[in-house]
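Peer 1: If it helps, the file is called target06.txt and holds compact mmCIF, C-alpha atoms:
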```
# COMPACT_ATOMS: atom_id res chain seq x y z
CA MET L 23 23.00 26.27 -8.21
CA ASN L 24 21.12 27.31 -11.32
CA ARG L 25 17.74 25.68 -10.99
CA MET L 26 15.94 25.72 -14.34
CA ASN L 27 12.67 27.60 -14.62
CA ARG L 28 9.65 26.27 -16.49
CA GLU L 29 10.64 27.87 -19.77
CA GLN L 30 14.17 26.52 -19.58
CA MET L 31 12.80 23.04 -18.88
CA ALA L 32 10.45 23.28 -21.87
CA ARG L 33 13.33 24.45 -24.09
CA ARG L 34 15.48 21.58 -22.86
CA VAL L 35 12.83 18.96 -23.73
CA ALA L 36 12.11 20.63 -27.07
CA ALA L 37 15.78 20.41 -28.03
CA ASP L 38 15.58 16.58 -27.86
CA ILE L 39 12.62 16.25 -30.22
CA PRO L 40 13.97 15.51 -33.70
CA GLU L 41 12.75 16.43 -37.15
CA GLY L 42 9.90 14.20 -38.28
CA ALA L 43 8.93 12.97 -34.82
CA TYR L 44 5.30 12.15 -34.01
CA VAL L 45 4.79 13.53 -30.53
CA ASN L 46 2.05 13.77 -27.93
CA LEU L 47 2.48 16.45 -25.28
CA GLY L 48 0.52 15.82 -22.09
CA ILE L 49 -1.71 18.29 -20.32
CA GLY L 50 -0.04 20.95 -18.18
CA LEU L 51 3.69 21.65 -18.23
CA PRO L 52 4.41 19.34 -21.20
CA THR L 53 2.03 21.35 -23.39
CA THR L 54 4.42 24.31 -23.13
CA VAL L 55 7.13 22.35 -24.97
CA ALA L 56 5.24 23.13 -28.21
CA ASP L 57 6.17 26.81 -27.84
CA PHE L 58 9.89 26.02 -28.03
CA LEU L 59 10.14 23.44 -30.81
CA PRO L 60 12.77 24.68 -33.24
CA PRO L 61 10.86 26.24 -36.16
CA GLU L 62 13.22 24.72 -38.72
CA ARG L 63 12.11 21.21 -37.73
CA GLU L 64 8.88 19.65 -38.99
CA ILE L 65 7.39 17.88 -35.97
CA PHE L 66 3.93 16.29 -35.86
CA LEU L 67 1.96 16.98 -32.68
CA GLN L 68 -0.82 14.52 -31.94
CA SER L 69 -3.78 15.22 -29.68
CA GLU L 70 -5.70 12.30 -28.16
CA ASN L 71 -9.07 13.73 -29.18
CA GLY L 72 -8.34 13.14 -32.82
CA LEU L 73 -5.90 15.39 -34.55
CA LEU L 74 -2.42 15.14 -35.97
CA GLY L 75 -0.56 18.25 -37.06
CA MET L 76 -1.81 20.38 -34.21
CA GLY L 77 -0.90 24.05 -34.47
CA PRO L 78 -0.73 26.84 -31.91
CA ALA L 79 -3.63 28.56 -30.18
CA PRO L 80 -5.80 30.62 -32.54
CA ALA L 81 -5.85 34.41 -32.53
CA PRO L 82 -8.47 35.91 -30.19
CA GLY L 83 -11.87 35.70 -31.87
CA GLU L 84 -10.75 32.81 -34.10
CA GLU L 85 -11.52 30.05 -31.56
CA ASP L 86 -13.59 27.10 -32.79
CA PRO L 87 -15.33 25.01 -30.08
CA GLU L 88 -15.00 21.98 -32.36
CA LEU L 89 -11.23 22.34 -32.72
CA ILE L 90 -9.74 21.71 -29.30
CA ASN L 91 -6.86 19.84 -27.67
CA ALA L 92 -6.82 17.20 -24.93
CA GLY L 93 -7.07 19.94 -22.32
CA LYS L 94 -10.18 21.21 -24.16
CA GLN L 95 -8.44 24.47 -25.09
CA PRO L 96 -8.90 25.91 -28.61
CA VAL L 97 -6.09 25.06 -31.05
CA THR L 98 -5.47 25.18 -34.79
CA LEU L 99 -4.61 22.60 -37.44
CA LEU L 100 -1.48 22.97 -39.54
CA THR L 101 -1.67 22.64 -43.31
CA GLY L 102 -1.44 18.91 -43.94
CA GLY L 103 -2.99 18.01 -40.60
CA ALA L 104 -5.68 15.36 -40.19
CA TYR L 105 -8.71 14.52 -38.04
CA PHE L 106 -9.62 10.99 -36.98
CA HIS L 107 -11.81 9.15 -34.47
CA HIS L 108 -10.90 7.97 -31.00
CA ALA L 109 -10.13 4.34 -31.84
CA ASP L 110 -7.58 5.48 -34.44
CA SER L 111 -6.17 8.07 -32.08
CA PHE L 112 -5.48 5.55 -29.34
CA ALA L 113 -4.24 3.00 -31.89
CA MET L 114 -1.56 5.58 -32.68
CA MET L 115 -0.49 5.42 -29.03
CA ARG L 116 -1.03 1.79 -28.11
CA GLY L 117 0.22 0.57 -31.46
CA GLY L 118 3.61 2.19 -30.91
CA HIS L 119 3.27 4.70 -33.75
CA LEU L 120 4.08 7.77 -31.69
CA ASP L 121 7.79 8.40 -31.29
CA ILE L 122 7.67 10.47 -28.13
CA CYS L 123 5.19 11.25 -25.44
CA VAL L 124 5.94 13.89 -22.79
CA LEU L 125 4.01 13.65 -19.53
CA GLY L 126 3.90 15.24 -16.11
CA ALA L 127 4.22 13.08 -13.01
CA PHE L 128 3.61 12.87 -9.28
CA GLN L 129 6.33 10.25 -9.00
CA VAL L 130 8.64 8.25 -11.24
CA SER L 131 10.62 5.26 -10.03
CA VAL L 132 14.25 4.78 -10.99
CA PHE L 133 13.06 1.78 -13.06
CA GLY L 134 10.67 3.92 -15.07
CA ASP L 135 7.37 3.22 -13.31
CA LEU L 136 5.08 6.21 -13.60
CA ALA L 137 2.49 7.59 -11.18
CA ASN L 138 0.62 10.56 -12.57
CA TRP L 139 -3.13 9.91 -12.51
CA ALA L 140 -4.20 9.79 -8.88
CA THR L 141 -2.85 10.67 -5.48
CA GLY L 142 -4.98 8.06 -3.74
CA GLU L 143 -6.43 10.79 -1.55
CA SER L 144 -9.71 9.62 -0.01
CA GLY L 145 -12.82 11.39 -1.25
CA ALA L 146 -11.17 12.55 -4.46
CA ILE L 147 -13.13 11.86 -7.63
CA PRO L 148 -10.96 9.61 -9.79
CA ALA L 149 -10.19 10.52 -13.40
CA VAL L 150 -7.68 8.86 -15.70
CA GLY L 151 -8.33 10.11 -19.24
CA GLY L 152 -5.63 9.00 -21.65
CA ALA L 153 -2.82 8.88 -19.07
CA MET L 154 -2.45 5.09 -18.99
CA ASP L 155 -2.56 4.74 -22.78
CA LEU L 156 -0.02 7.50 -23.29
CA ALA L 157 2.33 6.12 -20.64
CA ILE L 158 2.75 2.71 -22.24
CA GLY L 159 2.12 3.52 -25.88
CA ALA L 160 4.81 5.74 -27.33
CA LYS L 161 8.22 4.43 -28.41
CA ARG L 162 9.74 6.72 -25.78
CA THR L 163 7.94 8.26 -22.81
CA PHE L 164 9.54 11.34 -21.30
CA VAL L 165 8.54 12.87 -18.01
CA MET L 166 8.91 16.55 -17.28
CA MET L 167 8.58 17.61 -13.65
CA ASP L 168 10.15 19.47 -10.76
CA LEU L 169 12.52 17.07 -9.01
CA LEU L 170 11.21 17.91 -5.56
CA THR L 171 7.74 18.49 -4.17
CA ARG L 172 6.98 21.76 -2.39
CA GLN L 173 7.76 19.87 0.82
CA GLY L 174 11.19 18.99 -0.55
CA GLU L 175 10.52 15.30 -1.16
CA SER L 176 12.04 13.71 -4.24
CA LYS L 177 9.58 12.77 -6.97
CA LEU L 178 12.21 10.41 -8.38
CA VAL L 179 11.79 7.44 -6.05
CA GLN L 180 12.91 3.87 -5.58
CA ALA L 181 9.30 2.67 -5.80
CA CYS L 182 6.16 4.73 -6.40
CA THR L 183 3.83 5.13 -3.45
CA TYR L 184 1.10 6.83 -5.49
CA PRO L 185 -1.16 4.67 -7.70
CA ILE L 186 0.70 3.43 -10.78
CA THR L 187 -0.14 4.71 -14.28
CA GLY L 188 2.22 2.37 -16.12
CA LEU L 189 5.09 0.02 -15.28
CA ALA L 190 8.64 0.47 -16.61
CA CYS L 191 7.45 2.91 -19.25
CA VAL L 192 9.45 6.11 -18.66
CA SER L 193 12.82 6.25 -20.36
CA ARG L 194 13.87 9.80 -19.52
CA VAL L 195 13.03 12.41 -16.88
CA TYR L 196 13.67 16.12 -17.34
CA THR L 197 13.66 18.07 -14.10
CA ASP L 198 14.61 21.55 -12.93
CA LEU L 199 17.86 20.18 -11.48
CA ALA L 200 18.95 17.25 -13.64
CA VAL L 201 18.09 14.99 -16.55
CA PHE L 202 17.91 11.24 -15.90
CA ASP L 203 17.79 8.15 -18.10
CA LEU L 204 15.86 5.29 -16.51
CA GLY L 205 15.90 1.58 -17.16
CA PRO L 206 16.07 -1.90 -15.63
CA ASP L 207 19.42 -1.00 -14.03
CA GLY L 208 18.07 2.14 -12.38
CA ALA L 209 18.68 5.85 -12.90
CA ARG L 210 21.61 7.45 -14.69
CA VAL L 211 22.25 11.18 -14.46
CA ILE L 212 23.00 12.58 -17.90
CA GLU L 213 22.93 16.29 -17.05
CA LEU L 214 23.20 18.42 -13.93
CA VAL L 215 22.51 22.13 -13.62
CA ASP L 216 25.57 24.29 -12.93
CA GLY L 217 26.60 24.27 -9.32
CA LEU L 218 25.00 20.92 -8.46
CA THR L 219 27.17 17.89 -7.72
CA LEU L 220 26.22 14.25 -8.09
CA ASP L 221 26.64 13.76 -4.35
CA ALA L 222 24.33 16.68 -3.62
CA LEU L 223 21.79 15.22 -6.06
CA ARG L 224 22.03 11.83 -4.33
CA GLU L 225 21.39 13.62 -1.05
CA LEU L 226 18.31 15.38 -2.49
CA THR L 227 16.76 12.30 -4.07
CA GLY L 228 17.80 9.57 -1.67
CA VAL L 229 17.97 7.06 -4.53
CA PRO L 230 20.99 5.33 -6.09
CA LEU L 231 22.25 7.29 -9.08
CA MET L 232 24.83 6.41 -11.71
CA MET L 233 26.59 9.05 -13.75
CA GLY L 234 26.66 9.19 -17.53
CA SER L 235 24.69 7.66 -20.36
CA MET G 26 -37.50 4.24 -50.38
CA ILE G 27 -35.24 4.11 -47.36
CA ASP G 28 -35.38 7.32 -45.37
CA LYS G 29 -33.70 7.32 -41.96
CA THR G 30 -34.29 11.00 -41.40
CA VAL G 31 -36.79 11.98 -38.75
CA GLY G 32 -38.56 15.30 -38.46
CA ASP G 33 -37.58 16.43 -34.99
CA PHE G 34 -35.58 15.58 -31.89
CA GLU G 35 -38.63 14.20 -30.10
CA ALA G 36 -39.13 11.59 -32.82
CA ALA G 37 -35.40 10.95 -32.87
CA VAL G 38 -35.27 9.76 -29.24
CA ALA G 39 -38.56 7.87 -29.28
CA GLY G 40 -38.29 4.43 -27.74
CA VAL G 41 -35.38 5.05 -25.40
CA PHE G 42 -36.53 2.98 -22.45
CA ASP G 43 -35.93 3.03 -18.70
CA GLY G 44 -32.76 1.12 -17.89
CA ALA G 45 -31.31 1.51 -21.38
CA SER G 46 -27.58 1.84 -22.03
CA VAL G 47 -26.91 5.01 -23.99
CA MET G 48 -23.64 6.04 -25.59
CA ILE G 49 -23.30 9.79 -25.93
CA GLY G 50 -20.66 11.19 -28.28
CA GLY G 51 -18.39 14.09 -27.47
CA PHE G 52 -15.10 15.03 -25.88
CA GLY G 53 -16.16 17.67 -23.41
CA THR G 54 -18.70 19.65 -25.40
CA ALA G 55 -17.07 19.11 -28.83
CA GLY G 56 -19.30 16.60 -30.59
CA MET G 57 -21.86 16.42 -27.82
CA PRO G 58 -25.34 16.01 -29.36
CA ASP G 59 -27.02 18.68 -27.25
CA GLY G 60 -30.35 18.63 -29.09
CA LEU G 61 -30.75 14.88 -28.66
CA ILE G 62 -29.85 15.08 -24.97
CA ASP G 63 -32.40 17.85 -24.37
CA ALA G 64 -35.02 15.71 -26.11
CA LEU G 65 -34.02 12.70 -24.00
CA ILE G 66 -34.51 14.74 -20.84
CA ALA G 67 -37.96 15.80 -22.07
CA GLN G 68 -38.77 12.24 -23.12
CA GLY G 69 -38.25 11.06 -19.55
CA ALA G 70 -36.31 7.79 -19.81
CA THR G 71 -34.51 7.10 -16.54
CA ASP G 72 -32.25 4.60 -14.78
CA LEU G 73 -29.89 4.94 -17.74
CA THR G 74 -26.33 3.72 -18.10
CA VAL G 75 -24.43 6.41 -19.98
CA ILE G 76 -21.16 5.90 -21.82
CA ASN G 77 -19.25 9.12 -22.56
CA ASN G 78 -15.65 10.26 -22.24
CA ASN G 79 -16.56 12.75 -19.52
CA ALA G 80 -19.37 13.29 -17.03
CA GLY G 81 -20.88 16.56 -18.15
CA ASN G 82 -19.70 20.14 -18.38
CA GLY G 83 -21.51 23.14 -16.98
CA GLU G 84 -25.30 23.13 -17.01
CA THR G 85 -26.29 21.83 -20.43
CA GLY G 86 -26.13 18.56 -22.37
CA LEU G 87 -24.96 15.55 -20.38
CA ALA G 88 -24.65 17.71 -17.25
CA ALA G 89 -28.37 18.51 -17.48
CA LEU G 90 -29.22 14.82 -17.93
CA LEU G 91 -27.22 14.01 -14.79
CA LYS G 92 -28.81 16.89 -12.89
CA ALA G 93 -32.25 15.51 -13.82
CA LYS G 94 -31.18 12.26 -12.08
CA ARG G 95 -31.81 10.05 -15.08
CA VAL G 96 -28.46 8.29 -14.95
CA ARG G 97 -27.85 5.29 -12.69
CA LYS G 98 -24.34 4.55 -13.91
CA ILE G 99 -21.74 6.30 -16.01
CA ILE G 100 -18.84 4.64 -17.84
CA CYS G 101 -16.19 7.24 -18.66
CA SER G 102 -12.50 8.09 -18.54
CA PHE G 103 -12.41 11.59 -17.15
CA PRO G 104 -15.35 12.66 -14.98
CA ARG G 105 -13.56 15.21 -12.82
CA GLN G 106 -13.36 18.62 -14.47
CA SER G 107 -13.58 22.21 -13.31
CA ASP G 108 -17.22 22.39 -14.42
CA SER G 109 -18.47 18.86 -13.63
CA GLN G 110 -20.34 20.03 -10.54
CA HIS G 111 -23.50 17.99 -11.18
CA PHE G 112 -21.61 14.74 -11.52
CA ASP G 113 -19.43 15.60 -8.52
CA ALA G 114 -22.48 16.18 -6.30
CA LEU G 115 -24.19 12.94 -7.36
CA TYR G 116 -20.98 10.95 -6.93
CA ARG G 117 -20.28 12.34 -3.46
CA ALA G 118 -23.89 11.63 -2.45
CA GLY G 119 -23.55 8.03 -3.67
CA GLN G 120 -26.33 8.58 -6.21
CA ILE G 121 -24.42 7.50 -9.29
CA GLU G 122 -22.22 4.53 -10.05
CA LEU G 123 -18.93 5.24 -11.82
CA GLU G 124 -16.94 2.80 -13.96
CA LEU G 125 -13.65 4.52 -14.68
CA VAL G 126 -11.96 3.29 -17.87
CA PRO G 127 -8.70 4.50 -19.42
CA GLN G 128 -9.65 6.52 -22.48
CA GLY G 129 -8.00 4.21 -25.02
CA ASN G 130 -9.58 1.16 -23.42
CA LEU G 131 -12.93 2.92 -23.56
CA ALA G 132 -12.44 3.48 -27.29
CA ALA G 133 -11.15 -0.05 -27.85
CA ARG G 134 -14.02 -1.65 -25.90
CA ILE G 135 -16.60 0.37 -27.81
CA HIS G 136 -14.90 -0.50 -31.08
CA ALA G 137 -14.73 -4.17 -30.08
CA ALA G 138 -18.48 -4.21 -29.51
CA GLY G 139 -19.09 -2.74 -32.93
CA ALA G 140 -16.65 -5.13 -34.55
CA GLY G 141 -18.17 -8.22 -32.95
CA LEU G 142 -15.16 -9.19 -30.84
CA GLY G 143 -15.72 -11.20 -27.67
CA ALA G 144 -13.00 -9.40 -25.74
CA ILE G 145 -9.65 -7.71 -26.21
CA PHE G 146 -6.23 -7.96 -24.60
CA THR G 147 -4.94 -4.44 -24.01
CA PRO G 148 -1.59 -3.36 -22.55
CA THR G 149 -3.15 -0.20 -21.11
CA GLY G 150 -3.74 -0.34 -17.38
CA TYR G 151 -1.64 -3.44 -16.72
CA GLY G 152 -0.34 -3.36 -13.15
CA THR G 153 -2.66 -0.53 -12.11
CA LEU G 154 -5.70 -0.22 -9.85
CA LEU G 155 -7.94 -0.13 -12.92
CA ALA G 156 -6.90 -3.67 -13.86
CA GLU G 157 -7.27 -5.16 -10.40
CA GLY G 158 -8.99 -8.54 -10.42
CA LYS G 159 -8.92 -8.75 -14.21
CA GLU G 160 -7.48 -11.63 -16.20
CA THR G 161 -4.03 -10.92 -17.66
CA ARG G 162 -1.83 -12.65 -20.20
CA GLU G 163 1.75 -12.33 -21.32
CA ILE G 164 2.02 -12.39 -25.10
CA GLU G 165 5.46 -12.26 -26.68
CA GLY G 166 6.94 -10.70 -23.56
CA ARG G 167 4.37 -7.97 -23.10
CA HIS G 168 1.64 -7.92 -20.47
CA TYR G 169 -2.01 -7.47 -21.37
CA VAL G 170 -5.32 -7.13 -19.53
CA LEU G 171 -8.52 -8.83 -20.71
CA GLU G 172 -11.26 -6.26 -21.27
CA TYR G 173 -14.78 -6.85 -22.52
CA PRO G 174 -16.69 -4.93 -25.19
CA ILE G 175 -19.08 -2.14 -24.27
CA HIS G 176 -22.37 -2.52 -26.10
CA ALA G 177 -25.26 -0.07 -25.94
CA ASP G 178 -28.93 0.01 -26.75
CA PHE G 179 -28.65 3.51 -28.18
CA ALA G 180 -25.94 5.90 -29.34
CA LEU G 181 -26.60 9.61 -29.53
CA ILE G 182 -23.97 11.27 -31.68
CA LYS G 183 -23.35 14.53 -33.50
CA ALA G 184 -22.13 14.82 -37.07
CA GLN G 185 -21.85 17.65 -39.53
CA ARG G 186 -23.76 16.27 -42.51
CA GLY G 187 -25.85 13.19 -43.12
CA ASP G 188 -28.12 11.79 -45.81
CA ARG G 189 -31.28 9.69 -45.81
CA TRP G 190 -29.28 6.45 -45.88
CA GLY G 191 -27.50 7.50 -42.68
CA ASN G 192 -24.08 8.21 -44.18
CA LEU G 193 -22.22 10.73 -42.02
CA VAL G 194 -19.30 13.12 -42.13
CA TYR G 195 -18.08 14.97 -39.08
CA ARG G 196 -16.43 18.27 -38.31
CA LYS G 197 -12.91 18.68 -36.90
CA THR G 198 -12.38 17.27 -33.40
CA ALA G 199 -16.13 16.90 -32.89
CA ARG G 200 -15.70 13.50 -34.59
CA ASN G 201 -14.04 11.84 -31.56
CA PHE G 202 -16.20 8.91 -30.34
CA GLY G 203 -19.00 9.31 -32.92
CA PRO G 204 -17.89 6.73 -35.52
CA ILE G 205 -17.16 3.94 -33.03
CA MET G 206 -20.27 4.56 -30.92
CA ALA G 207 -22.32 4.37 -34.11
CA MET G 208 -20.87 0.88 -34.65
CA ALA G 209 -21.48 -0.32 -31.10
CA ALA G 210 -25.13 0.56 -30.48
CA LYS G 211 -28.25 -1.29 -31.57
CA CYS G 212 -29.86 2.02 -32.50
CA THR G 213 -27.66 4.96 -33.47
CA ILE G 214 -29.26 8.36 -33.64
CA ALA G 215 -27.26 11.11 -35.33
CA GLN G 216 -27.86 14.81 -34.85
CA VAL G 217 -26.50 16.57 -37.92
CA VAL G 218 -26.10 20.22 -38.77
CA GLU G 219 -27.34 19.56 -42.29
CA ILE G 220 -29.23 16.79 -44.05
CA VAL G 221 -28.04 16.63 -47.64
CA PRO G 222 -29.46 14.83 -50.69
CA LEU G 223 -28.25 11.29 -51.34
CA GLY G 224 -25.10 11.54 -53.45
CA ASP G 225 -23.93 14.87 -52.07
CA LEU G 226 -21.47 13.22 -49.67
CA ASP G 227 -18.27 12.13 -51.41
CA PRO G 228 -18.23 8.32 -51.14
CA GLU G 229 -14.44 8.47 -50.64
CA ALA G 230 -14.89 10.76 -47.65
CA ILE G 231 -17.86 9.24 -45.83
CA VAL G 232 -16.62 8.48 -42.31
CA THR G 233 -19.60 6.52 -40.98
CA PRO G 234 -21.39 4.42 -43.60
CA GLY G 235 -25.16 4.34 -43.17
CA ILE G 236 -25.25 0.69 -42.07
CA PHE G 237 -24.22 1.94 -38.60
CA VAL G 238 -26.94 4.59 -38.36
CA GLN G 239 -30.66 4.13 -37.77
CA ARG G 240 -31.97 7.70 -37.42
CA VAL G 241 -30.78 11.11 -38.61
CA VAL G 242 -32.20 14.40 -37.38
CA GLN G 243 -31.24 17.90 -38.40
CA SER G 244 -30.35 20.43 -35.70
CA ARG G 245 -32.65 23.36 -35.21
CA PRO G 246 -31.62 26.30 -37.39
CA ALA G 247 -30.27 28.17 -34.38
CA LEU G 248 -27.93 25.29 -33.53
CA ALA G 249 -26.92 24.94 -37.16
CA ALA G 250 -25.92 28.58 -37.24
CA ILE G 251 -23.69 28.17 -34.18
CA ALA G 252 -21.94 25.12 -35.56
CA ALA G 253 -21.56 26.39 -39.13
```
Using the file provided, produce a representation of the structure as structure tokens.
Peer 2:
Amino acid sequence: MNRMNREQMARRVAADIPEGAYVNLGIGLPTTVADFLPPEREIFLQSENGLLGMGPAPAPGEEDPELINAGKQPVTLLTGGAYFHHADSFAMMRGGHLDICVLGAFQVSVFGDLANWATGESGAIPAVGGAMDLAIGAKRTFVMMDLLTRQGESKLVQACTYPITGLACVSRVYTDLAVFDLGPDGARVIELVDGLTLDALRELTGVPLMMGS
Amino acid sequence: MIDKTVGDFEAAVAGVFDGASVMIGGFGTAGMPDGLIDALIAQGATDLTVINNNAGNGETGLAALLKAKRVRKIICSFPRQSDSQHFDALYRAGQIELELVPQGNLAARIHAAGAGLGAIFTPTGYGTLLAEGKETREIEGRHYVLEYPIHADFALIKAQRGDRWGNLVYRKTARNFGPIMAMAAKCTIAQVVEIVPLGDLDPEAIVTPGIFVQRVVQSRPALAAIAA
């Protein structure tokens, strides 16, 4: 079967982000979606640390330590962009003003529960950042992740075993093998990579799956 | 004549007492008031409760304050970073208390303190470990967690320009927590790159009105050059 690579996954997510959308891309893999947004669409990228209209990384030598993204990497501001303080930034999330948020995950349940902030490993220093606000805030929360762990365990699960970030908040999951819509009724498969059957996907995930949107 | 400007960093942090709660602006190092933190280390106040988004980066600023063992407790959203070694060591040795707060709840609780609210109901964190034991309420079908304001004795923040009345404007994403911390502390101390004459700041563009600021100090010329 034709497992999607990281770039293909980012292109796939980018294709679903419409003109005019206000979008927050989470740290890590979701950040790469920005590189594949169709240039003919005007899309507003928000960063939790107080900017809207975030542009690409600056040219070498043009970095500004006071113009960074949530991952603390240097970025730029598009013409028409704006700066604001933290209470406004998180009001944009919590207040339902963002259209789409794309996040990574350790696990997602078929009902849309998200686990992406801690593994519960003893001795680990906890850190949550904006994960819980992002998870529950946007009109639609997308997750982008490999379907299986390196050990071959499905990250789409019946119930999360890792600590929860938000309940029933994920509406769609983009993976390297399939795209799923989630909801109170469970998971529906809306796309499969070539060469993968629904039965084989059921075997891989071990969770009930319906076909079609 | 009202003049909130002070001559140097030492005067700016005068009166910070042992056991004080101190908000420190910044998201990572963007907006971190490094001059004020250095002065606080020299001033010697200890047993502090610090409120910041992070828990120090590298060797300077908040990391240096932690390394000097002046901080009893930190309230933050994201302590663990690749260069948070001083916090990590203190935490693993049980020498610092951590209150982990989702970033938006941190902002909302700080804002609530400044706005005089007794508490807030926030949807963030509902059903998670960070809401365990907290009061919850269902309002129009959505679940919320009761969270209390975070007040502070002092706020140390960084802005780009300020005047003698304490009006402030910021620079790019260095703004972050500055405006809300200024509202939430009894005594807000702003490190600015430039002190300008009253009237130079456009009244339509002032981000923090002077009512929220008690002291303004200009960065040393070397720091001003870096930030310009």
Peer 1: Quick check: residues of chain G within 10 Å of chain L, all atoms listed in the file, returned as a VMD selection string.
Peer 2: chain G and resid 51 to 57 78 to 79 101 to 106 112 to 113 116 to 117 123 to 137 147 to 155 195 to 206 232 251 to 252
Peer 1: Residues of the last selection are to be written out with C-alpha atoms, as a PDB file, in the frame of the given file.
Peer 2:
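In the end it all went to selection05.pdb:
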```
ATOM      1  CA  GLY G  51     -18.390  14.090 -27.470  1.00  0.00           C
ATOM      2  CA  PHE G  52     -15.100  15.030 -25.880  1.00  0.00           C
ATOM      3  CA  GLY G  53     -16.160  17.670 -23.410  1.00  0.00           C
ATOM      4  CA  THR G  54     -18.700  19.650 -25.400  1.00  0.00           C
ATOM      5  CA  ALA G  55     -17.070  19.110 -28.830  1.00  0.00           C
ATOM      6  CA  GLY G  56     -19.300  16.600 -30.590  1.00  0.00           C
ATOM      7  CA  MET G  57     -21.860  16.420 -27.820  1.00  0.00           C
ATOM      8  CA  ASN G  78     -15.650  10.260 -22.240  1.00  0.00           C
ATOM      9  CA  ASN G  79     -16.560  12.750 -19.520  1.00  0.00           C
ATOM     10  CA  CYS G 101     -16.190   7.240 -18.660  1.00  0.00           C
ATOM     11  CA  SER G 102     -12.500   8.090 -18.540  1.00  0.00           C
ATOM     12  CA  PHE G 103     -12.410  11.590 -17.150  1.00  0.00           C
ATOM     13  CA  PRO G 104     -15.350  12.660 -14.980  1.00  0.00           C
ATOM     14  CA  ARG G 105     -13.560  15.210 -12.820  1.00  0.00           C
ATOM     15  CA  GLN G 106     -13.360  18.620 -14.470  1.00  0.00           C
ATOM     16  CA  PHE G 112     -21.610  14.740 -11.520  1.00  0.00           C
ATOM     17  CA  ASP G 113     -19.430  15.600  -8.520  1.00  0.00           C
ATOM     18  CA  TYR G 116     -20.980  10.950  -6.930  1.00  0.00           C
ATOM     19  CA  ARG G 117     -20.280  12.340  -3.460  1.00  0.00           C
ATOM     20  CA  LEU G 123     -18.930   5.240 -11.820  1.00  0.00           C
ATOM     21  CA  GLU G 124     -16.940   2.800 -13.960  1.00  0.00           C
ATOM     22  CA  LEU G 125     -13.650   4.520 -14.680  1.00  0.00           C
ATOM     23  CA  VAL G 126     -11.960   3.290 -17.870  1.00  0.00           C
ATOM     24  CA  PRO G 127      -8.700   4.500 -19.420  1.00  0.00           C
ATOM     25  CA  GLN G 128      -9.650   6.520 -22.480  1.00  0.00           C
ATOM     26  CA  GLY G 129      -8.000   4.210 -25.020  1.00  0.00           C
ATOM     27  CA  ASN G 130      -9.580   1.160 -23.420  1.00  0.00           C
ATOM     28  CA  LEU G 131     -12.930   2.920 -23.560  1.00  0.00           C
ATOM     29  CA  ALA G 132     -12.440   3.480 -27.290  1.00  0.00           C
ATOM     30  CA  ALA G 133     -11.150  -0.050 -27.850  1.00  0.00           C
ATOM     31  CA  ARG G 134     -14.020  -1.650 -25.900  1.00  0.00           C
ATOM     32  CA  ILE G 135     -16.600   0.370 -27.810  1.00  0.00           C
ATOM     33  CA  HIS G 136     -14.900  -0.500 -31.080  1.00  0.00           C
ATOM     34  CA  ALA G 137     -14.730  -4.170 -30.080  1.00  0.00           C
ATOM     35  CA  THR G 147      -4.940  -4.440 -24.010  1.00  0.00           C
ATOM     36  CA  PRO G 148      -1.590  -3.360 -22.550  1.00  0.00           C
ATOM     37  CA  THR G 149      -3.150  -0.200 -21.110  1.00  0.00           C
ATOM     38  CA  GLY G 150      -3.740  -0.340 -17.380  1.00  0.00           C
ATOM     39  CA  TYR G 151      -1.640  -3.440 -16.720  1.00  0.00           C
ATOM     40  CA  GLY G 152      -0.340  -3.360 -13.150  1.00  0.00           C
ATOM     41  CA  THR G 153      -2.660  -0.530 -12.110  1.00  0.00           C
ATOM     42  CA  LEU G 154      -5.700  -0.220  -9.850  1.00  0.00           C
ATOM     43  CA  LEU G 155      -7.940  -0.130 -12.920  1.00  0.00           C
ATOM     44  CA  TYR G 195     -18.080  14.970 -39.080  1.00  0.00           C
ATOM     45  CA  ARG G 196     -16.430  18.270 -38.310  1.00  0.00           C
ATOM     46  CA  LYS G 197     -12.910  18.680 -36.900  1.00  0.00           C
ATOM     47  CA  THR G 198     -12.380  17.270 -33.400  1.00  0.00           C
ATOM     48  CA  ALA G 199     -16.130  16.900 -32.890  1.00  0.00           C
ATOM     49  CA  ARG G 200     -15.700  13.500 -34.590  1.00  0.00           C
ATOM     50  CA  ASN G 201     -14.040  11.840 -31.560  1.00  0.00           C
ATOM     51  CA  PHE G 202     -16.200   8.910 -30.340  1.00  0.00           C
ATOM     52  CA  GLY G 203     -19.000   9.310 -32.920  1.00  0.00           C
ATOM     53  CA  PRO G 204     -17.890   6.730 -35.520  1.00  0.00           C
ATOM     54  CA  ILE G 205     -17.160   3.940 -33.030  1.00  0.00           C
ATOM     55  CA  MET G 206     -20.270   4.560 -30.920  1.00  0.00           C
ATOM     56  CA  VAL G 232     -16.620   8.480 -42.310  1.00  0.00           C
ATOM     57  CA  ILE G 251     -23.690  28.170 -34.180  1.00  0.00           C
ATOM     58  CA  ALA G 252     -21.940  25.120 -35.560  1.00  0.00           C
TER      59      ALA G 252
END
```
Peer 1: Take atom CA of Leu120 of chain L and atom CA of Val45 of chain L and report the distance between them in Å, one decimal.
Peer 2: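 Between atom CA of Leu120 of chain L and atom CA of Val45 of chain L the gap works out to 5.9 Å.
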Peer 1: Take atom CA of Arg186 of chain G and atom CA of Val241 of chain G and report the distance between them in Å, one decimal.
Peer 2: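 Separation of atom CA of Arg186 of chain G and atom CA of Val241 of chain G: 9.5 Å.
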Peer 1: If you count all atoms listed in the file, which residues fall within 8 Å of Val124 of chain L, apart from same-chain ones fewer than 4 positions away, as a VMD selection string?
Peer 2: chain L and resid 45 to 48 52 163 to 166
